[in-house]
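Peer 1: Before anything else, here's the structure in question.
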Amino acid sequence: MEVGAKSTVTIPADAAYGPHRPEAVMTVDRARVPDNINVDIGTRLQARTTEGRPMQVTVVGVDDASVKLDGNHPLAGKDLVFDVELVEIVQAA
């Protein structure tokens with residue numbers, strides 16, 4: 001590329017954050033989530049695996065009885081598309 005050149009780069013989901021794994025979506029009893037924890041859809045929470053390791057989950061559903069959590073990365077299953085422009089070439093020191 002030369003200065004001023006533009007390009008679009010696409011990284012397929014499998015080469016980025018991987019496919020969306022349905023087995024990483026779980027439903028838990030609402031009673032298992034402390035009352036002071038926000039469970040609005042889209043809220044990111046930290047949970048623990050059965051082995052005690054921390055994992056990030058996203059609230060994807062909620063009702064009076066249960067909370068549905070997605071352990072996939074938010075970009076899993078999505079192709080990444082970047083529009084890039086070369087604005088300057090700088091010599092390394």
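Every chain in the structure tokens takes a letter, A first, then B, and so on in the order presented; its residues are numbered from 1, and the ligands are numbered from 1 following the presented order.
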With DSSP run on the backbone, what are the helix (DSSP H, G or I) residues within chain A? I'd like them as a ChimeraX atom specification.
Peer 2: /A:13-15,22-24,30-32
Peer 1: Running DSSP on the backbone, which parts of chain A land in strand (DSSP E or B), as a JSON list (two decimals) with C-alpha atoms, in the first residue's frame?
Peer 2:
[["chain", "number", "residue", "atom", "x", "y", "z"],
["A", 6, "LYS", "CA", -7.57, 2.57, 1.35],
["A", 7, "SER", "CA", -8.55, -1.05, 1.72],
["A", 8, "THR", "CA", -11.20, -3.19, 3.35],
["A", 9, "VAL", "CA", -10.00, -6.24, 5.28],
["A", 10, "THR", "CA", -12.43, -8.99, 6.30],
["A", 11, "ILE", "CA", -11.58, -11.60, 8.91],
["A", 25, "VAL", "CA", -25.75, -20.28, 26.43],
["A", 26, "MET", "CA", -27.29, -21.27, 29.76],
["A", 27, "THR", "CA", -30.38, -20.49, 31.78],
["A", 28, "VAL", "CA", -30.09, -20.13, 35.55],
["A", 29, "ASP", "CA", -32.73, -19.65, 38.24],
["A", 44, "ARG", "CA", -21.93, -8.17, 31.04],
["A", 45, "LEU", "CA", -21.31, -10.16, 34.22],
["A", 46, "GLN", "CA", -18.53, -12.29, 35.60],
["A", 47, "ALA", "CA", -19.48, -15.82, 36.63],
["A", 48, "ARG", "CA", -17.46, -18.84, 37.71],
["A", 54, "PRO", "CA", -13.93, -16.73, 36.13],
["A", 55, "MET", "CA", -15.76, -16.25, 32.83],
["A", 56, "GLN", "CA", -17.52, -13.32, 31.22],
["A", 57, "VAL", "CA", -21.19, -13.77, 30.33],
["A", 58, "THR", "CA", -23.81, -11.51, 28.76],
["A", 59, "VAL", "CA", -27.44, -11.38, 29.88],
["A", 60, "VAL", "CA", -29.48, -12.28, 26.78],
["A", 61, "GLY", "CA", -32.85, -12.97, 28.40],
["A", 62, "VAL", "CA", -34.59, -12.48, 31.72],
["A", 66, "SER", "CA", -34.78, -17.21, 35.19],
["A", 67, "VAL", "CA", -31.84, -15.40, 33.62],
["A", 68, "LYS", "CA", -30.40, -16.53, 30.28],
["A", 69, "LEU", "CA", -26.62, -16.03, 30.02],
["A", 70, "ASP", "CA", -24.37, -16.26, 26.97],
["A", 80, "LEU", "CA", -14.88, -8.66, 11.35],
["A", 81, "VAL", "CA", -14.67, -5.98, 8.67],
["A", 82, "PHE", "CA", -12.06, -3.22, 8.88],
["A", 83, "ASP", "CA", -11.79, -0.22, 6.58],
["A", 84, "VAL", "CA", -8.15, 0.93, 6.70],
["A", 85, "GLU", "CA", -6.30, 3.87, 5.24]]
Peer 1: Atom CA of A:Leu75 and atom CA of A:Gly52, how far apart in Å?
Peer 2: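 Going from atom CA of A:Gly52 over to atom CA of A:Leu75, I get 24.4 Å.
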Peer 1: Select, from A:Ala65, A:Val87, A:Ala93, A:Ala76, the residue with the minimum atom-to-atom distance to A:His20, counting only C-alpha atoms.
Peer 2: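 Using only C-alpha atoms, A:His20 sits closest to A:Ala76.
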Peer 1: What does the structure give for the distance between atom CA of A:Ala24 and atom CA of A:His73, in Å to one decimal?
Peer 2: 9.8 Å
